[in-house]
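J.: Sharing model-v4.txt, compact mmCIF, C-alpha atoms:
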# COMPACT_ATOMS: atom_id res chain seq x y z
CA MET N 280 78.04 107.68 125.27
CA GLU N 281 80.44 108.97 122.63
CA LYS N 282 82.36 112.18 123.13
CA ILE N 283 81.91 114.78 120.42
CA LYS N 284 84.08 117.43 118.82
CA VAL N 285 82.25 120.72 118.47
CA GLY N 286 82.95 123.66 116.20
CA ILE N 287 81.66 127.21 116.55
CA ILE N 288 81.89 129.35 113.43
CA GLY N 289 81.37 132.93 114.53
CA SER N 290 82.46 132.38 118.11
CA THR N 291 83.14 135.96 119.19
CA GLY N 292 79.65 137.34 118.68
CA TYR N 293 77.39 137.35 121.72
CA ALA N 294 75.61 134.10 120.79
CA GLY N 295 78.90 132.44 119.80
CA VAL N 296 80.73 133.17 123.04
CA GLU N 297 77.67 132.16 125.07
CA LEU N 298 77.77 128.83 123.24
CA PHE N 299 81.44 128.50 124.10
CA ARG N 300 80.75 129.23 127.77
CA ILE N 301 78.03 126.55 127.92
CA LEU N 302 79.92 123.90 125.94
CA LEU N 303 82.98 124.19 128.17
CA ARG N 304 80.92 122.60 130.97
CA HIS N 305 79.31 119.90 128.78
CA PRO N 306 80.58 116.44 129.83
CA GLY N 307 80.00 115.02 126.34
CA VAL N 308 82.16 117.58 124.56
CA GLU N 309 85.71 116.38 124.00
CA LYS N 310 87.07 119.35 122.05
CA ILE N 311 85.86 122.79 120.99
CA PHE N 312 87.18 124.50 117.88
CA CYS N 313 86.39 128.17 117.30
CA SER N 314 86.66 130.60 114.41
CA SER N 315 86.25 134.34 114.11
CA VAL N 316 86.82 136.52 111.07
CA SER N 317 87.33 139.59 113.22
CA PHE N 318 89.87 138.00 115.60
CA GLU N 319 91.36 135.15 113.56
CA GLY N 320 94.65 133.90 115.00
CA GLN N 321 94.06 135.53 118.38
CA GLN N 322 93.08 133.84 121.66
CA ILE N 323 89.41 133.84 122.58
CA ASP N 324 90.24 134.54 126.23
CA GLY N 325 92.01 137.67 125.02
CA VAL N 326 88.74 138.83 123.48
CA TYR N 327 86.61 137.75 126.46
CA GLN N 328 88.53 137.86 129.74
CA ASN N 329 85.86 135.88 131.61
CA LEU N 330 87.24 132.79 129.81
CA ILE N 331 90.77 133.08 131.25
CA GLY N 332 91.69 129.81 132.95
CA GLN N 333 88.46 128.08 131.92
CA MET N 334 89.53 125.98 128.90
CA ASP N 335 90.01 122.77 130.94
CA GLY N 336 91.79 121.02 128.06
CA LYS N 337 88.79 121.25 125.75
CA CYS N 338 90.21 124.13 123.75
CA ASP N 339 93.57 125.85 123.40
CA GLY N 340 91.72 129.12 122.88
CA LYS N 341 93.14 129.90 119.45
CA LEU N 342 90.65 131.31 116.94
CA LEU N 343 91.00 129.26 113.76
CA THR N 344 89.74 129.66 110.21
CA ALA N 345 86.21 128.45 109.44
CA ASP N 346 87.63 125.75 107.16
CA GLU N 347 89.80 124.39 109.96
CA VAL N 348 86.83 124.30 112.32
CA LYS N 349 84.51 122.48 109.92
CA GLU N 350 87.11 119.81 109.17
CA LYS N 351 87.89 119.07 112.85
CA SER N 352 84.31 118.96 114.18
CA ASP N 353 81.51 116.38 114.43
CA ILE N 354 78.89 119.11 114.80
CA ILE N 355 79.11 122.75 113.79
CA PHE N 356 77.26 125.68 115.30
CA THR N 357 77.04 128.61 112.90
CA ALA N 358 76.53 131.96 114.62
CA LEU N 359 76.82 134.10 111.51
CA PRO N 360 74.91 136.78 109.60
CA HIS N 361 71.91 135.51 107.65
CA GLY N 362 72.60 133.82 104.33
CA ILE N 363 75.98 132.23 105.09
CA ALA N 364 75.19 128.96 106.91
CA GLU N 365 73.88 127.07 103.86
CA GLU N 366 77.38 126.46 102.54
CA TYR N 367 78.47 124.88 105.83
CA ALA N 368 75.26 122.84 105.97
CA ASP N 369 75.98 121.46 102.52
CA TYR N 370 79.48 120.49 103.66
CA CYS N 371 78.08 118.77 106.75
CA LEU N 372 75.57 116.76 104.72
CA SER N 373 78.22 115.49 102.35
CA HIS N 374 80.66 114.62 105.15
CA GLY N 375 78.32 112.96 107.65
CA LYS N 376 78.41 115.83 110.14
CA LYS N 377 75.64 117.81 111.85
CA LEU N 378 74.91 121.54 111.94
CA ILE N 379 72.87 123.86 114.15
CA ASP N 380 72.41 127.35 112.72
CA LEU N 381 71.60 130.32 114.94
CA SER N 382 70.71 132.64 112.05
CA ALA N 383 67.41 132.55 110.16
CA ASP N 384 68.70 130.47 107.24
CA PHE N 385 66.91 127.24 108.22
CA ARG N 386 63.89 128.56 110.12
CA TYR N 387 61.53 128.40 107.14
CA GLY N 388 62.09 124.91 105.76
CA MET N 389 61.26 124.84 102.05
CA ASP N 390 59.35 128.15 102.23
CA GLU N 391 61.91 130.14 100.25
CA GLU N 392 59.40 132.83 99.29
CA THR N 393 58.85 133.94 102.88
CA PHE N 394 62.60 133.89 103.52
CA LYS N 395 63.20 136.00 100.40
CA THR N 396 60.47 138.46 101.38
CA TRP N 397 61.89 139.13 104.85
CA TYR N 398 65.62 138.51 104.40
CA LYS N 399 66.11 139.51 100.73
CA LYS N 400 68.14 136.36 100.01
CA GLU N 401 67.58 133.24 97.93
CA TYR N 402 68.36 129.62 98.80
CA ARG N 403 71.67 128.57 97.25
CA PHE N 404 71.61 124.95 98.48
CA PRO N 405 67.93 123.87 98.36
CA LYS N 406 68.68 120.26 99.39
CA THR N 407 69.89 121.44 102.78
CA HIS N 408 66.46 122.93 103.45
CA GLU N 409 64.67 119.74 102.44
CA VAL N 410 66.24 117.87 105.37
CA SER N 411 66.40 120.72 107.90
CA VAL N 412 64.27 120.71 111.06
CA TYR N 413 62.99 123.71 113.01
CA GLY N 414 64.75 123.56 116.37
CA SER N 415 61.99 124.15 118.90
CA PRO N 416 62.12 121.12 121.24
CA GLU N 417 58.62 121.86 122.54
CA MET N 418 57.28 121.66 118.97
CA ASN N 419 59.56 119.19 117.19
CA ARG N 420 61.41 117.07 119.74
CA GLU N 421 61.18 113.74 117.87
CA GLN N 422 62.20 115.26 114.52
CA ILE N 423 65.16 117.01 116.14
CA LYS N 424 66.48 113.68 117.46
CA LYS N 425 66.85 112.39 113.89
CA ALA N 426 67.99 115.62 112.22
CA SER N 427 71.32 116.57 110.65
CA ILE N 428 70.52 120.27 110.14
CA ILE N 429 68.70 122.43 112.67
CA GLY N 430 67.40 125.96 112.30
CA ASN N 431 67.53 127.41 115.82
CA PRO N 432 64.47 129.62 116.52
CA GLY N 433 64.57 133.37 116.99
CA CYS N 434 64.62 134.76 120.52
CA TYR N 435 61.43 136.83 120.33
CA VAL N 436 59.84 133.93 118.51
CA THR N 437 60.57 131.44 121.28
CA SER N 438 58.99 133.65 123.91
CA ALA N 439 55.86 134.23 121.81
CA THR N 440 55.50 130.64 120.61
CA LEU N 441 55.80 129.09 124.06
CA GLY N 442 53.45 131.71 125.40
CA LEU N 443 50.53 130.55 123.24
CA LEU N 444 51.40 126.96 122.28
CA PRO N 445 48.89 125.16 124.56
CA MET N 446 45.96 127.37 123.57
CA LEU N 447 46.71 127.29 119.85
CA LYS N 448 46.99 123.50 119.80
CA LYS N 449 43.61 123.20 121.49
CA GLY N 450 41.97 125.79 119.23
CA LEU N 451 40.92 127.96 122.17
CA VAL N 452 41.95 131.36 120.79
CA ASN N 453 40.79 133.35 117.80
CA THR N 454 43.64 133.54 115.30
CA ASP N 455 42.36 136.54 113.32
CA CYS N 456 44.51 139.00 115.28
CA ILE N 457 47.04 138.06 117.95
CA ILE N 458 49.15 140.85 119.42
CA VAL N 459 52.71 140.20 120.60
CA ASP N 460 54.29 143.10 122.47
CA SER N 461 57.94 142.31 123.27
CA LYS N 462 60.89 143.96 125.00
CA SER N 463 64.50 142.84 124.70
CA GLY N 464 67.85 143.68 126.23
CA VAL N 465 70.51 145.27 124.04
CA THR N 466 72.41 142.03 123.39
CA GLY N 467 69.53 141.12 121.09
CA SER N 468 70.87 143.59 118.54
CA GLY N 469 74.25 141.84 118.36
CA ARG N 470 77.83 142.85 119.12
CA ASN N 471 78.51 145.05 116.10
CA PRO N 472 78.24 148.68 117.19
CA SER N 473 75.41 150.85 115.91
CA MET N 474 73.93 154.17 116.89
CA ALA N 475 70.91 152.46 118.47
CA ASN N 476 72.91 150.32 120.91
CA GLN N 477 75.33 152.97 122.13
CA PHE N 478 74.94 153.69 125.83
CA CYS N 479 74.02 157.35 125.32
CA GLU N 480 71.24 156.32 122.93
CA CYS N 481 69.67 153.37 124.78
CA GLY N 482 70.60 154.04 128.42
CA GLU N 483 67.85 155.72 130.45
CA SER N 484 65.53 155.18 127.48
CA PHE N 485 62.88 152.78 126.20
CA SER N 486 61.69 152.63 122.61
CA ALA N 487 59.88 150.57 119.99
CA TYR N 488 61.70 149.75 116.76
CA LYS N 489 61.05 148.14 113.37
CA ILE N 490 57.32 148.45 113.97
CA GLY N 491 55.48 146.16 111.55
CA ALA N 492 58.76 145.31 109.85
CA HIS N 493 60.76 143.12 112.25
CA ARG N 494 61.79 139.84 110.62
CA HIS N 495 60.70 137.75 113.59
CA GLN N 496 57.06 138.61 112.82
CA SER N 497 57.03 136.17 109.91
CA GLU N 498 58.53 133.40 112.05
CA ILE N 499 56.07 134.00 114.90
CA GLU N 500 53.18 133.93 112.46
CA ARG N 501 54.51 130.76 110.84
CA ASN N 502 54.79 128.94 114.18
CA MET N 503 51.36 129.99 115.35
CA THR N 504 49.79 128.98 112.04
CA THR N 505 51.47 125.56 112.34
CA LEU N 506 50.24 125.08 115.91
CA ALA N 507 46.70 126.27 115.21
CA GLY N 508 46.40 124.38 111.94
CA LYS N 509 45.01 127.47 110.23
CA LYS N 510 46.08 130.93 109.16
CA THR N 511 47.08 133.14 112.08
CA ASN N 512 47.53 136.90 111.83
CA VAL N 513 50.04 138.48 114.19
CA ILE N 514 50.86 142.07 115.09
CA PHE N 515 54.36 142.10 116.56
CA THR N 516 56.06 145.12 118.10
CA PRO N 517 59.59 144.83 119.55
CA HIS N 518 61.07 147.30 122.03
CA LEU N 519 64.61 147.93 123.24
CA LEU N 520 65.17 147.77 127.00
CA PRO N 521 68.11 149.55 128.70
CA GLN N 522 69.54 146.28 130.05
CA ASN N 523 72.00 143.68 128.76
CA ARG N 524 69.82 140.60 128.37
CA GLY N 525 66.31 139.24 128.78
CA ILE N 526 63.04 139.28 126.85
CA LEU N 527 59.57 139.95 128.18
CA SER N 528 56.66 139.36 125.80
CA THR N 529 53.07 140.24 126.56
CA ILE N 530 50.74 138.33 124.25
CA TYR N 531 47.07 139.18 123.71
CA ALA N 532 44.76 136.63 122.08
CA PRO N 533 40.93 136.73 122.01
CA LEU N 534 39.31 133.59 123.34
CA THR N 535 36.86 131.96 120.97
CA ASP N 536 33.24 132.31 122.04
CA GLU N 537 33.08 128.56 122.69
CA ALA N 538 36.29 128.62 124.75
CA SER N 539 35.14 131.60 126.77
CA THR N 540 31.90 129.81 127.65
CA SER N 541 33.46 126.42 128.41
CA LEU N 542 36.31 127.91 130.44
CA LYS N 543 33.84 129.99 132.43
CA GLN N 544 31.88 126.83 133.24
CA LYS N 545 35.06 124.96 134.19
CA ALA N 546 36.17 127.87 136.36
CA ASP N 547 32.83 128.00 138.16
CA LYS N 548 32.92 124.26 138.79
CA GLU N 549 36.57 123.73 139.75
CA PHE N 550 38.27 127.06 140.46
CA GLU N 551 35.74 129.23 142.33
CA GLY N 552 34.99 131.17 139.17
CA ASP N 553 38.61 132.05 138.37
CA MET N 554 39.05 131.60 134.60
CA ALA N 555 42.78 132.31 134.80
CA SER N 556 43.19 129.28 137.06
CA ALA N 557 41.29 127.14 134.57
CA ILE N 558 43.65 128.25 131.80
CA ARG N 559 46.70 127.87 134.03
CA ALA N 560 45.69 124.24 134.52
CA ILE N 561 45.78 123.78 130.73
CA TYR N 562 49.29 125.25 130.59
CA THR N 563 50.48 123.17 133.54
CA GLU N 564 49.28 119.98 131.87
CA ALA N 565 50.75 120.94 128.48
CA TYR N 566 54.19 121.69 129.93
CA LYS N 567 54.39 119.14 132.73
CA ASN N 568 57.14 117.19 130.95
CA GLU N 569 59.00 120.18 129.53
CA PRO N 570 62.19 120.73 131.53
CA PHE N 571 62.62 124.39 130.61
CA VAL N 572 59.11 125.84 130.65
CA ARG N 573 57.86 126.99 134.04
CA VAL N 574 54.20 127.88 134.50
CA LEU N 575 54.26 130.16 137.52
CA PRO N 576 51.84 129.90 140.44
CA ALA N 577 48.91 132.28 140.60
CA GLY N 578 49.93 135.75 141.70
CA VAL N 579 53.58 135.39 140.63
CA ALA N 580 54.52 137.76 137.83
CA PRO N 581 57.33 136.78 135.42
CA THR N 582 60.40 139.00 135.45
CA THR N 583 63.56 139.00 133.35
CA ARG N 584 65.64 139.06 136.55
CA THR N 585 64.56 135.57 137.59
CA ILE N 586 65.48 133.81 134.32
CA ARG N 587 68.85 135.48 133.60
CA TYR N 588 71.67 133.13 132.55
CA SER N 589 69.22 130.21 132.48
CA ASN N 590 67.45 128.16 129.80
CA TYR N 591 64.04 128.69 131.36
CA CYS N 592 61.00 130.32 129.85
CA ASP N 593 58.61 131.48 132.60
CA LEU N 594 54.91 131.99 131.85
CA GLN N 595 51.92 133.54 133.57
CA VAL N 596 48.36 133.74 132.27
CA TYR N 597 45.61 136.29 132.83
CA VAL N 598 42.05 136.71 131.59
CA VAL N 599 40.97 140.25 130.78
CA ASN N 600 38.25 142.17 128.95
CA GLY N 601 35.40 140.54 130.82
CA GLY N 602 36.57 136.99 130.24
CA LYS N 603 36.97 137.41 126.49
CA MET N 604 40.72 137.96 126.15
CA LEU N 605 43.71 135.86 127.16
CA GLU N 606 46.84 137.74 128.21
CA VAL N 607 50.10 135.82 128.62
CA VAL N 608 53.39 137.17 129.97
CA SER N 609 56.42 135.20 128.81
CA VAL N 610 60.05 135.82 129.85
CA LEU N 611 63.36 134.24 128.86
CA ASP N 612 67.04 135.04 128.51
CA ASN N 613 67.55 135.97 124.87
CA MET N 614 71.14 134.66 124.94
CA VAL N 615 70.27 131.28 126.48
CA LYS N 616 66.77 129.89 125.79
CA GLY N 617 66.51 132.51 123.06
CA ALA N 618 69.73 131.41 121.34
CA SER N 619 72.71 129.39 122.61
CA GLY N 620 71.04 127.41 125.40
CA GLN N 621 68.30 126.22 123.08
CA ALA N 622 70.98 125.32 120.52
CA VAL N 623 72.72 123.09 123.09
CA GLN N 624 69.33 121.64 124.05
CA ASN N 625 68.97 120.65 120.39
CA MET N 626 72.48 119.19 120.32
CA ASN N 627 71.65 117.07 123.35
CA LEU N 628 68.61 115.66 121.57
CA MET N 629 70.58 114.98 118.38
CA PHE N 630 73.33 113.04 120.17
CA GLY N 631 71.25 111.27 122.81
CA TYR N 632 72.47 113.23 125.83
CA PRO N 633 70.03 114.15 128.61
CA GLU N 634 68.13 117.16 127.30
CA THR N 635 69.15 119.30 130.27
CA CYS N 636 72.86 118.43 130.05
CA ALA N 637 75.08 121.53 130.62
CA ILE N 638 72.11 123.91 130.52
CA ASP N 639 70.47 123.18 133.86
CA PHE N 640 71.52 126.56 135.23
CA ILE N 641 69.71 127.89 138.28
CA PRO N 642 69.05 131.60 137.69
CA PRO N 643 70.77 133.94 140.17
CA ALA N 644 68.48 135.48 142.77
CA PHE N 645 69.51 139.05 141.95
In structure tokens, write the structure found in this file.

T.:
Amino acid sequence: MEKIKVGIIGSTGYAGVELFRILLRHPGVEKIFCSSVSFEGQQIDGVYQNLIGQMDGKCDGKLLTADEVKEKSDIIFTALPHGIAEEYADYCLSHGKKLIDLSADFRYGMDEETFKTWYKKEYRFPKTHEVSVYGSPEMNREQIKKASIIGNPGCYVTSATLGLLPMLKKGLVNTDCIIVDSKSGVTGSGRNPSMANQFCECGESFSAYKIGAHRHQSEIERNMTTLAGKKTNVIFTPHLLPQNRGILSTIYAPLTDEASTSLKQKADKEFEGDMASAIRAIYTEAYKNEPFVRVLPAGVAPTTRTIRYSNYCDLQVYVVNGGKMLEVVSVLDNMVKGASGQAVQNMNLMFGYPETCAIDFIPPAF
């Protein structure tokens, strides 16, 4: 299998350096080229000391210009503010290269109106969106394999989408009002300092933010509408946790009357009346071939501690409100499955590497 030269544009943000860390251990990566506007000309291991002595010949550590990176690379990861990646995607298309974008620029396909509504930007290179693919392997694996441009999903979005995917595809939940209540570690707000992510503001505290106005709401709603095949209305509330990384989403979706009845009958027949076990069986079947989605055994509650530094999304299902409401708890590492790990998963699919290559981390026990 061919070795590939990889470029990271925006390599000193949290997602960018996490990409670098993962790609250093990828056996298919021959060289890594990095750029950073903030630290151009410096050494990346001078910015992040955990990288000292880890280059292993794949990178000399020097932070180049973005133009140098795009010229040297077979595939480019863009970890940049929204609205910038299109230009690099256009370059990649015209030069036979591939691009995976970790911003929102390619998450909406040709739906420019939704992108404009939530991100206040217009498409400058429409042709790049015509050929782009949404980078959720669990939704679009076959399309990703053939793609040149990938829009990597949002972190909150991945936790919410995987949490309801099996039930939405089977039409078992009412899509009139789905509630997604999510909590994220502080790395989710990026590396640039702000009042909200200073230690004295977020330490020993827990708060909701951007209520009804977080940009990931539109992406969650879009995914759920696609999976259900009909309009889905979502109420999404994000919260900031006083920890570095991890997302926990609690998702509430009313079961349809038909689903509630049929699942009750199935539970009585096969699971001693336990509807949650009947639903867990649906999830287990849906995800049996997915390497990074773990449906937990009954009685095991998902925690952010047990997925840290891994590409796993852990799920648990509950039935509440007298058998009428499904409650799903979904956890993942926002820097790995929520960003850079999923991006490498997409790269593996695009280049024919085993999907788990370089991202088969076992989470630490504590």

J.: Let me make sure I understand: among N:Asp339, N:Met614, N:Pro360, N:Tyr413, which one has the smallest atom-to-atom distance to Tyr293 in chain N if we use only C-alpha atoms?

T.: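 Checking each candidate against Tyr293 in chain N, we get N:Met614 as the closest.
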
J.: Smallest atom-to-atom distance to Ile641 in chain N: which of N:Gln322, N:Thr393, N:Thr529, N:Thr585, using only C-alpha atoms?

T.: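 Using only C-alpha atoms, the shortest distance to Ile641 in chain N belongs to N:Thr585.
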
J.: Can you tell me, as JSON, the centre and edge lengths (Å, one decimal) of the axis-aligned box enclosing all of range 501-506 of chain N's listed atoms after padding each side by 8 Å?

T.:
{"center_x": 52.3, "center_y": 127.9, "center_z": 113.4, "size_x": 21.0, "size_y": 21.7, "size_z": 21.1}

J.: So the first atom is CA of Ile379 in chain N and the second is CA of Asn431 in chain N; what is the distance between them in Å, to one decimal place?

T.: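 About the pair CA of Ile379 in chain N and CA of Asn431 in chain N: they are 6.6 Å apart.
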
J.: With all atoms listed in the file counted and 9 Å as the cut-off, give the residues of range 473-543 of chain N in contact with range 395-399 of chain N, each with its shortest interatomic distance in Å and the pair that gives it, as a tab-separated table.

T.:
residue	atom	partner	partner_atom	distance
N:Ala492	CA	N:Trp397	CA	8.5
N:His493	CA	N:Trp397	CA	8.5
N:Arg494	CA	N:Trp397	CA	5.8
N:His495	CA	N:Trp397	CA	8.9
N:Ser497	CA	N:Trp397	CA	7.6

J.: What does the structure give for the distance between CA of Gln544 in chain N and CA of Thr563 in chain N, in Å to one decimal?

T.: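 Between CA of Gln544 in chain N and CA of Thr563 in chain N the gap works out to 19.0 Å.
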
J.: With distances taken over only C-alpha atoms, which of N:Lys489, N:Lys462, N:Lys377, N:Lys567 is nearest to Leu520 in chain N?

T.: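 Among the listed residues, the smallest separation from Leu520 in chain N belongs to N:Lys462.
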
J.: Please provide as a ChimeraX atom specification all residues within 12 Å of Asp536 in chain N, with the sequence filter that same-chain residues fewer than 4 positions apart are discarded (counting all atoms listed in the file).

T.: /N:450-453,540-543,602-604

J.: Using all atoms listed in the file - which residues lie no farther than 12 Å from the point (88.9, 128.5, 129.9) in the file's frame? Write them as a list of chain:residue names.

T.: N:Val296, N:Phe299, N:Arg300, N:Ile301, N:Leu302, N:Leu303, N:Arg304, N:Ile311, N:Gln322, N:Ile323, N:Asp324, N:Gly325, N:Tyr327, N:Gln328, N:Asn329, N:Leu330, N:Ile331, N:Gly332, N:Gln333, N:Met334, N:Asp335, N:Gly336, N:Lys337, N:Cys338, N:Asp339, N:Gly340, N:Lys341

J.: Need to verify the contact set: Ala565 in chain N, 10 Å, all atoms listed in the file, exclusion of same-chain residues closer than 6 positions in sequence. Can you return it as a list in words?

T.: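 In the requested format, the answer is Glu417, Leu444, Pro445, Met446, Lys448, Arg559, Val572 and Val574 of chain N.
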
J.: Now that the selection is made, can you save its residues with C-alpha atoms as a JSON list (two decimals), keeping the file's coordinate frame?

T.:
[["chain", "number", "residue", "atom", "x", "y", "z"],
["N", 417, "GLU", "CA", 58.62, 121.86, 122.54],
["N", 444, "LEU", "CA", 51.40, 126.96, 122.28],
["N", 445, "PRO", "CA", 48.89, 125.16, 124.56],
["N", 446, "MET", "CA", 45.96, 127.37, 123.57],
["N", 448, "LYS", "CA", 46.99, 123.50, 119.80],
["N", 559, "ARG", "CA", 46.70, 127.87, 134.03],
["N", 572, "VAL", "CA", 59.11, 125.84, 130.65],
["N", 574, "VAL", "CA", 54.20, 127.88, 134.50]]

J.: Counting only C-alpha atoms, which residues sit no farther than 12 Å from the position (75.3, 129.6, 131.6) in the file's frame? I'd like them as number ranges by chain.

T.: N: 294, 296-305, 586-591, 612, 614-616, 618-621, 623, 636-643

J.: Please list as a ChimeraX atom specification every residue within 8 Å of range 381-390 of chain N, counting only C-alpha atoms and excluding residues in the same chain fewer than 6 positions away.

T.: /N:356-365,405,408-409,411-413,429-433,498,618-619,622

J.: Could you check which of N:Ala538, N:Ile458, N:Leu575, N:Leu506 is closest to Glu606 in chain N, using all atoms listed in the file?

T.: N:Ile458

J.: Work out how far CA of Met503 in chain N is from CA of Thr440 in chain N, in Å to one decimal.

T.: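 It comes out at 6.7 Å.
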
J.: Do you know which residues are at most 9 Å from Lys425 in chain N counting only C-alpha atoms, after dropping those on the same chain fewer than 2 positions away, and could you put them as a list of chain:residue names?

T.: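 Answer for this query is N:Glu421, N:Gln422, N:Ile423, N:Ser427, N:Leu628, N:Met629.
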
J.: So that I can check the surroundings of Val596 in chain N, please list as a PyMOL selection string every protein, DNA and RNA residue that reaches within 8 Å of it, counting only C-alpha atoms and ignoring chain neighbours fewer than 2 positions away.

T.: chain N and resi 555+558-559+594+598+605-608

J.: Determine the nearest neighbour of Ser556 in chain N from the options N:Val326, N:Gln595, N:His518, N:Pro416, counting all atoms listed in the file.

T.: N:Gln595

J.: Ranking N:Thr582, N:Ser373, N:Thr291, N:Asn523 by minimum distance to Leu611 in chain N and counting only C-alpha atoms, which one comes first?

T.: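 Counting only C-alpha atoms, the residue closest to Leu611 in chain N is N:Thr582.
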
J.: So that I can look at just that part, could you write range 435-466 of chain N with C-alpha atoms, as a tab-separated table (two decimals), in the first residue's frame?

T.:
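Written file, out.tsv:
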chain	number	residue	atom	x	y	z
N	435	TYR	CA	-21.44	17.47	19.63
N	436	VAL	CA	-23.03	16.36	16.38
N	437	THR	CA	-21.21	13.03	16.32
N	438	SER	CA	-22.32	12.17	19.84
N	439	ALA	CA	-25.95	13.07	19.10
N	440	THR	CA	-26.09	11.44	15.66
N	441	LEU	CA	-24.63	8.12	16.79
N	442	GLY	CA	-26.89	8.19	19.81
N	443	LEU	CA	-30.08	8.06	17.72
N	444	LEU	CA	-28.99	6.65	14.35
N	445	PRO	CA	-30.49	3.13	14.72
N	446	MET	CA	-33.87	4.38	15.93
N	447	LEU	CA	-34.16	7.14	13.34
N	448	LYS	CA	-33.34	4.78	10.47
N	449	LYS	CA	-36.05	2.39	11.63
N	450	GLY	CA	-38.61	5.16	12.17
N	451	LEU	CA	-39.13	4.22	15.82
N	452	VAL	CA	-39.03	7.71	17.35
N	453	ASN	CA	-41.24	10.74	16.93
N	454	THR	CA	-39.24	13.46	15.19
N	455	ASP	CA	-41.44	16.41	16.19
N	456	CYS	CA	-39.23	17.30	19.16
N	457	ILE	CA	-35.95	15.59	20.04
N	458	ILE	CA	-33.96	17.03	22.94
N	459	VAL	CA	-30.16	16.86	22.97
N	460	ASP	CA	-28.57	17.93	26.25
N	461	SER	CA	-24.76	17.95	25.92
N	462	LYS	CA	-21.74	18.71	28.07
N	463	SER	CA	-18.22	19.28	26.76
N	464	GLY	CA	-14.75	19.78	28.15
N	465	VAL	CA	-13.04	23.14	27.68
N	466	THR	CA	-10.94	22.04	24.69
